[in-house]
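> What follows is a single structure, and I will ask about it in a moment.
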Amino acid sequence: HAHAVRRVGLLSLRKNRNANSRPADLRVVNRRGLWTRVQARQPRSARLWHLRGERPNPRTRPKMVTKAAAVLACLLGAAAAAEPYQVEFEITLKKGEKAKFTVEVYPDWAPLGAARFREIIDAGIWKAARFFRVVSGFMVQWGIPGKPSAAAEWREKKITDDPVAKSNERGTITFATSGKDSRTTQVFINFVDNKNLDGMGFSPFGKVIAGMETVDAIYAGHGESPDQGRIQSEGNSYLKKSFPALSYINSATLVSSTPPKDEA
């Protein structure tokens with residue numbers, strides 16, 4: 001029956017074509033029983049695609065798909081070519097004790113990760129964010145905004161994975177993930193060389209260039225006890241009440257871009 005409908009539809013297209021006017025549209029029923037509008041001026045392959053409910057042949061796909069891919073490639077290339085930049089963190093290690101450390105970001109290591117990190121710094125969502133997961137001899141993790149509304153918004157802003165171009169050595173900073181293409185705002189700094197993470201797809205995008213002793217001093221007494229689900233939904237009110245000793249961020253400020261090297 002569906003084949004009969006297609007034949008009648010195509011015949012009707014030919015019969016209704018007027019040499020002195022634009023081809024009329026035709027409504028036909030596809031195999032799912034749904035009305036479909038088909039323009040007579042479309043290529044035959046495109047008409048059949050509409051009628052059959054199938055994907056078009058790659059050779060007949062709209063040029064916009066190719067253009068979109070080209071734009072994405074250009075954006076990735078531009079990100080990779082960006083200059084390194086530095087971010088200074090001022091944190092509270094414990095009540096009454098503040099300290100600083102500086103991270104330098106290298107877009108050529110992980111273009112998408114570097115761009116997301118810059119986006120986070122510009123948005124200022126890490127103010128008062130806690131270092132909620134600190135495992136001695138492994139890494140320190142943070143990144144969930146202290147305000148639940150901000151956490152909910154950024155949790156949906158996932159980015160595509162970068163290939164691993166640099167090993168997870170001591171002092172490197174990397175995005176945490178929950179699976180493929182799931183990076184959002186959580187990052188960690190490696191306390192030691194964790195090269196086993198390289199094969200798991202964790203791609204460093206920068207490293208601590210000053211104040212690593214500050215990173216080493218971040219409070220580790222609660223280990224992995226804080227519940228990330230409750231941090232997402234309740235924010236700092238949960239952490240202040242249940243884990244008051246956690247170190248936290250006072251500010252994260254873009255301080256400079258690395259000047260270009262002099263040419264020989």
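Labels for the structure tokens follow display order: chains A, B, ..., residues from 1 in each chain, ligands from 1.
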Residues of region 90-258 of chain A classed as alpha helix (DSSP H) by DSSP on the backbone are to be reported as an MDAnalysis selection string.
chainID A and resid 111:123 148:155 212:216 228:234 236:242
> Can I get the selection written as a compact mmCIF listing (two decimals), in the first residue's frame, with N, CA and C atoms?

# COMPACT_ATOMS: atom_id res chain seq x y z
N PRO A 111 42.22 22.26 23.87
CA PRO A 111 41.55 23.49 23.47
C PRO A 111 40.18 23.71 24.10
N LEU A 112 39.34 22.69 24.12
CA LEU A 112 38.00 22.85 24.64
C LEU A 112 38.01 23.01 26.16
N GLY A 113 38.88 22.26 26.83
CA GLY A 113 39.00 22.38 28.28
C GLY A 113 39.52 23.75 28.67
N ALA A 114 40.51 24.26 27.93
CA ALA A 114 41.07 25.58 28.22
C ALA A 114 40.02 26.67 28.03
N ALA A 115 39.21 26.54 26.99
CA ALA A 115 38.16 27.52 26.73
C ALA A 115 37.08 27.48 27.81
N ARG A 116 36.71 26.29 28.27
CA ARG A 116 35.71 26.18 29.33
C ARG A 116 36.24 26.76 30.65
N PHE A 117 37.51 26.51 30.96
CA PHE A 117 38.10 27.05 32.18
C PHE A 117 38.04 28.58 32.16
N ARG A 118 38.37 29.17 31.03
CA ARG A 118 38.31 30.63 30.89
C ARG A 118 36.86 31.11 31.06
N GLU A 119 35.92 30.38 30.51
CA GLU A 119 34.51 30.73 30.63
C GLU A 119 34.07 30.73 32.10
N ILE A 120 34.54 29.74 32.84
CA ILE A 120 34.20 29.63 34.26
C ILE A 120 34.79 30.81 35.04
N ILE A 121 36.04 31.13 34.78
CA ILE A 121 36.70 32.24 35.47
C ILE A 121 35.98 33.55 35.17
N ASP A 122 35.63 33.77 33.91
CA ASP A 122 34.93 35.00 33.53
C ASP A 122 33.56 35.09 34.19
N ALA A 123 32.90 33.96 34.39
CA ALA A 123 31.56 33.96 34.99
C ALA A 123 31.60 34.12 36.51
N PRO A 148 23.13 26.64 44.54
CA PRO A 148 22.44 25.56 43.82
C PRO A 148 21.91 25.97 42.46
N SER A 149 21.46 27.21 42.32
CA SER A 149 20.92 27.66 41.03
C SER A 149 22.01 27.66 39.96
N ALA A 150 23.20 28.12 40.33
CA ALA A 150 24.32 28.12 39.39
C ALA A 150 24.77 26.70 39.10
N ALA A 151 24.77 25.86 40.13
CA ALA A 151 25.18 24.46 39.94
C ALA A 151 24.24 23.76 38.96
N ALA A 152 22.94 24.02 39.09
CA ALA A 152 21.96 23.39 38.21
C ALA A 152 22.13 23.86 36.77
N GLU A 153 22.41 25.14 36.60
CA GLU A 153 22.59 25.70 35.25
C GLU A 153 23.82 25.12 34.57
N TRP A 154 24.95 25.12 35.26
CA TRP A 154 26.20 24.69 34.64
C TRP A 154 26.31 23.18 34.54
N ARG A 155 25.55 22.47 35.30
CA ARG A 155 25.58 21.01 35.22
C ARG A 155 25.14 20.51 33.85
N MET A 212 52.43 25.67 44.66
CA MET A 212 52.03 24.27 44.80
C MET A 212 52.00 23.86 46.27
N GLU A 213 52.80 24.54 47.10
CA GLU A 213 52.77 24.24 48.54
C GLU A 213 51.41 24.61 49.13
N THR A 214 50.74 25.61 48.54
CA THR A 214 49.38 25.97 48.97
C THR A 214 48.41 24.85 48.63
N VAL A 215 48.53 24.33 47.41
CA VAL A 215 47.66 23.22 46.98
C VAL A 215 47.86 22.02 47.91
N ASP A 216 49.11 21.74 48.25
CA ASP A 216 49.40 20.60 49.14
C ASP A 216 48.79 20.80 50.52
N GLN A 228 28.31 14.56 46.61
CA GLN A 228 28.22 15.50 45.50
C GLN A 228 26.78 15.82 45.10
N GLY A 229 25.91 14.86 45.26
CA GLY A 229 24.50 15.11 44.95
C GLY A 229 23.91 16.19 45.85
N ARG A 230 24.26 16.14 47.13
CA ARG A 230 23.76 17.15 48.07
C ARG A 230 24.44 18.50 47.84
N ILE A 231 25.70 18.48 47.42
CA ILE A 231 26.36 19.74 47.10
C ILE A 231 25.63 20.40 45.93
N GLN A 232 25.27 19.61 44.93
CA GLN A 232 24.57 20.14 43.77
C GLN A 232 23.22 20.75 44.17
N SER A 233 22.49 20.06 45.03
CA SER A 233 21.13 20.49 45.35
C SER A 233 21.05 21.49 46.50
N GLU A 234 22.00 21.43 47.45
CA GLU A 234 21.93 22.29 48.63
C GLU A 234 23.04 23.33 48.70
N ASN A 236 26.48 25.42 49.42
CA ASN A 236 27.36 25.62 50.57
C ASN A 236 26.66 25.49 51.92
N SER A 237 25.35 25.62 51.95
CA SER A 237 24.63 25.47 53.22
C SER A 237 24.85 24.07 53.78
N TYR A 238 24.88 23.08 52.90
CA TYR A 238 25.15 21.69 53.31
C TYR A 238 26.58 21.53 53.77
N LEU A 239 27.54 22.06 53.01
CA LEU A 239 28.96 21.89 53.33
C LEU A 239 29.36 22.65 54.60
N LYS A 240 28.84 23.87 54.77
CA LYS A 240 29.17 24.65 55.97
C LYS A 240 28.69 23.96 57.24
N LYS A 241 27.55 23.32 57.14
CA LYS A 241 26.98 22.65 58.31
C LYS A 241 27.65 21.31 58.60
N SER A 242 27.89 20.53 57.57
CA SER A 242 28.41 19.17 57.77
C SER A 242 29.92 19.06 57.69
> Would you please extract all strand (DSSP E or B) residues from region 127-191 of chain A, as assigned by DSSP on the backbone, and give them as a PyMOL selection string?
chain A and resi 130+133-135+139-142+159+172-175+183+187-190
> May I have the residues from that selection written out with N, CA, C and O atoms, as a PDB file, in the first residue's frame?

ATOM      1  N   ARG A 130      33.890  25.139  47.590  1.00  0.00           N
ATOM      2  CA  ARG A 130      34.719  24.323  48.480  1.00  0.00           C
ATOM      3  C   ARG A 130      35.534  23.276  47.722  1.00  0.00           C
ATOM      4  O   ARG A 130      35.094  22.772  46.693  1.00  0.00           O
ATOM      5  N   ARG A 133      36.643  17.328  47.656  1.00  0.00           N
ATOM      6  CA  ARG A 133      37.205  15.970  47.555  1.00  0.00           C
ATOM      7  C   ARG A 133      38.721  16.084  47.549  1.00  0.00           C
ATOM      8  O   ARG A 133      39.304  16.531  46.565  1.00  0.00           O
ATOM      9  N   VAL A 134      39.336  15.683  48.633  1.00  0.00           N
ATOM     10  CA  VAL A 134      40.791  15.818  48.771  1.00  0.00           C
ATOM     11  C   VAL A 134      41.347  14.470  49.226  1.00  0.00           C
ATOM     12  O   VAL A 134      41.109  14.035  50.356  1.00  0.00           O
ATOM     13  N   VAL A 135      42.073  13.820  48.334  1.00  0.00           N
ATOM     14  CA  VAL A 135      42.624  12.495  48.622  1.00  0.00           C
ATOM     15  C   VAL A 135      44.148  12.603  48.629  1.00  0.00           C
ATOM     16  O   VAL A 135      44.779  12.793  47.578  1.00  0.00           O
ATOM     17  N   MET A 139      44.793  13.454  44.508  1.00  0.00           N
ATOM     18  CA  MET A 139      44.398  14.727  43.900  1.00  0.00           C
ATOM     19  C   MET A 139      43.443  15.497  44.807  1.00  0.00           C
ATOM     20  O   MET A 139      42.907  14.955  45.763  1.00  0.00           O
ATOM     21  N   VAL A 140      43.231  16.787  44.436  1.00  0.00           N
ATOM     22  CA  VAL A 140      42.244  17.638  45.107  1.00  0.00           C
ATOM     23  C   VAL A 140      41.252  18.111  44.054  1.00  0.00           C
ATOM     24  O   VAL A 140      41.631  18.577  42.984  1.00  0.00           O
ATOM     25  N   GLN A 141      39.969  17.992  44.366  1.00  0.00           N
ATOM     26  CA  GLN A 141      38.907  18.275  43.389  1.00  0.00           C
ATOM     27  C   GLN A 141      37.960  19.353  43.904  1.00  0.00           C
ATOM     28  O   GLN A 141      37.648  19.420  45.085  1.00  0.00           O
ATOM     29  N   TRP A 142      37.502  20.200  42.971  1.00  0.00           N
ATOM     30  CA  TRP A 142      36.500  21.219  43.288  1.00  0.00           C
ATOM     31  C   TRP A 142      35.776  21.599  42.008  1.00  0.00           C
ATOM     32  O   TRP A 142      36.045  21.045  40.953  1.00  0.00           O
ATOM     33  N   ILE A 159      30.711  19.683  27.766  1.00  0.00           N
ATOM     34  CA  ILE A 159      31.566  19.908  26.600  1.00  0.00           C
ATOM     35  C   ILE A 159      32.162  18.585  26.121  1.00  0.00           C
ATOM     36  O   ILE A 159      32.282  17.621  26.894  1.00  0.00           O
ATOM     37  N   THR A 172      49.498  19.219  37.477  1.00  0.00           N
ATOM     38  CA  THR A 172      48.637  19.495  36.324  1.00  0.00           C
ATOM     39  C   THR A 172      47.179  19.571  36.770  1.00  0.00           C
ATOM     40  O   THR A 172      46.768  18.949  37.748  1.00  0.00           O
ATOM     41  N   ILE A 173      46.392  20.349  36.027  1.00  0.00           N
ATOM     42  CA  ILE A 173      44.972  20.523  36.324  1.00  0.00           C
ATOM     43  C   ILE A 173      44.151  19.937  35.185  1.00  0.00           C
ATOM     44  O   ILE A 173      44.468  20.135  34.007  1.00  0.00           O
ATOM     45  N   THR A 174      43.099  19.210  35.536  1.00  0.00           N
ATOM     46  CA  THR A 174      42.330  18.408  34.586  1.00  0.00           C
ATOM     47  C   THR A 174      40.855  18.468  34.951  1.00  0.00           C
ATOM     48  O   THR A 174      40.501  18.591  36.128  1.00  0.00           O
ATOM     49  N   PHE A 175      39.983  18.378  33.974  1.00  0.00           N
ATOM     50  CA  PHE A 175      38.547  18.314  34.256  1.00  0.00           C
ATOM     51  C   PHE A 175      38.152  16.911  34.707  1.00  0.00           C
ATOM     52  O   PHE A 175      38.602  15.909  34.140  1.00  0.00           O
ATOM     53  N   ARG A 183      32.196  16.707  30.625  1.00  0.00           N
ATOM     54  CA  ARG A 183      32.868  17.732  31.421  1.00  0.00           C
ATOM     55  C   ARG A 183      31.990  18.975  31.582  1.00  0.00           C
ATOM     56  O   ARG A 183      31.374  19.431  30.632  1.00  0.00           O
ATOM     57  N   VAL A 187      36.979  20.294  38.367  1.00  0.00           N
ATOM     58  CA  VAL A 187      38.369  20.075  37.983  1.00  0.00           C
ATOM     59  C   VAL A 187      39.140  19.491  39.162  1.00  0.00           C
ATOM     60  O   VAL A 187      38.656  19.487  40.295  1.00  0.00           O
ATOM     61  N   PHE A 188      40.339  19.014  38.878  1.00  0.00           N
ATOM     62  CA  PHE A 188      41.201  18.533  39.959  1.00  0.00           C
ATOM     63  C   PHE A 188      42.657  18.819  39.623  1.00  0.00           C
ATOM     64  O   PHE A 188      43.032  18.949  38.451  1.00  0.00           O
ATOM     65  N   ILE A 189      43.465  18.938  40.669  1.00  0.00           N
ATOM     66  CA  ILE A 189      44.911  19.098  40.526  1.00  0.00           C
ATOM     67  C   ILE A 189      45.564  17.835  41.071  1.00  0.00           C
ATOM     68  O   ILE A 189      45.227  17.365  42.168  1.00  0.00           O
ATOM     69  N   ASN A 190      46.477  17.293  40.314  1.00  0.00           N
ATOM     70  CA  ASN A 190      47.171  16.071  40.710  1.00  0.00           C
ATOM     71  C   ASN A 190      48.232  16.364  41.780  1.00  0.00           C
ATOM     72  O   ASN A 190      49.113  17.208  41.573  1.00  0.00           O
TER      73      ASN A 190
END
> CA of Ile125 (chain A) and CA of Val208 (chain A) are how many Å apart?
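Taking CA of Ile125 (chain A) and CA of Val208 (chain A), their separation equals 20.3 Å.
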> If I take CA of Thr92 (chain A) and CA of Ser225 (chain A), how far is one from the other in Å, to one decimal?
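About the pair CA of Thr92 (chain A) and CA of Ser225 (chain A): they are 19.8 Å apart.
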> Which residue is closest to Glu88 (chain A)? Choose from A:Asp193, A:Asp198, A:Glu169, A:Glu104 and count only C-alpha atoms.
A:Glu104
> Could you tell me which of A:Ala245, A:Ala110, A:Ile209, A:Ile91 comes closest to Val164 (chain A) if we count only C-alpha atoms?
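Among the listed residues, A:Ala110 lies closest to Val164 (chain A).
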> How many Å lie between CA of Val192 (chain A) and CA of Gly146 (chain A), rounded to one decimal?
27.3 Å
> In terms of the shortest atom-to-atom distance over only C-alpha atoms, which of A:Ala82, A:Thr185, A:Lys158, A:Phe138 is closest to Arg170 (chain A)?
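Comparing A:Ala82, A:Thr185, A:Lys158, A:Phe138 against Arg170 (chain A), the winner is A:Phe138.
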> Compare A:Gly171, A:Pro204, A:Pro84, A:Gly235 by their minimum atom-to-atom distance to Ala129 (chain A), counting only C-alpha atoms, and give me the closest one.
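Going through A:Gly171, A:Pro204, A:Pro84, A:Gly235 one by one, the smallest distance to Ala129 (chain A) is for A:Gly235.
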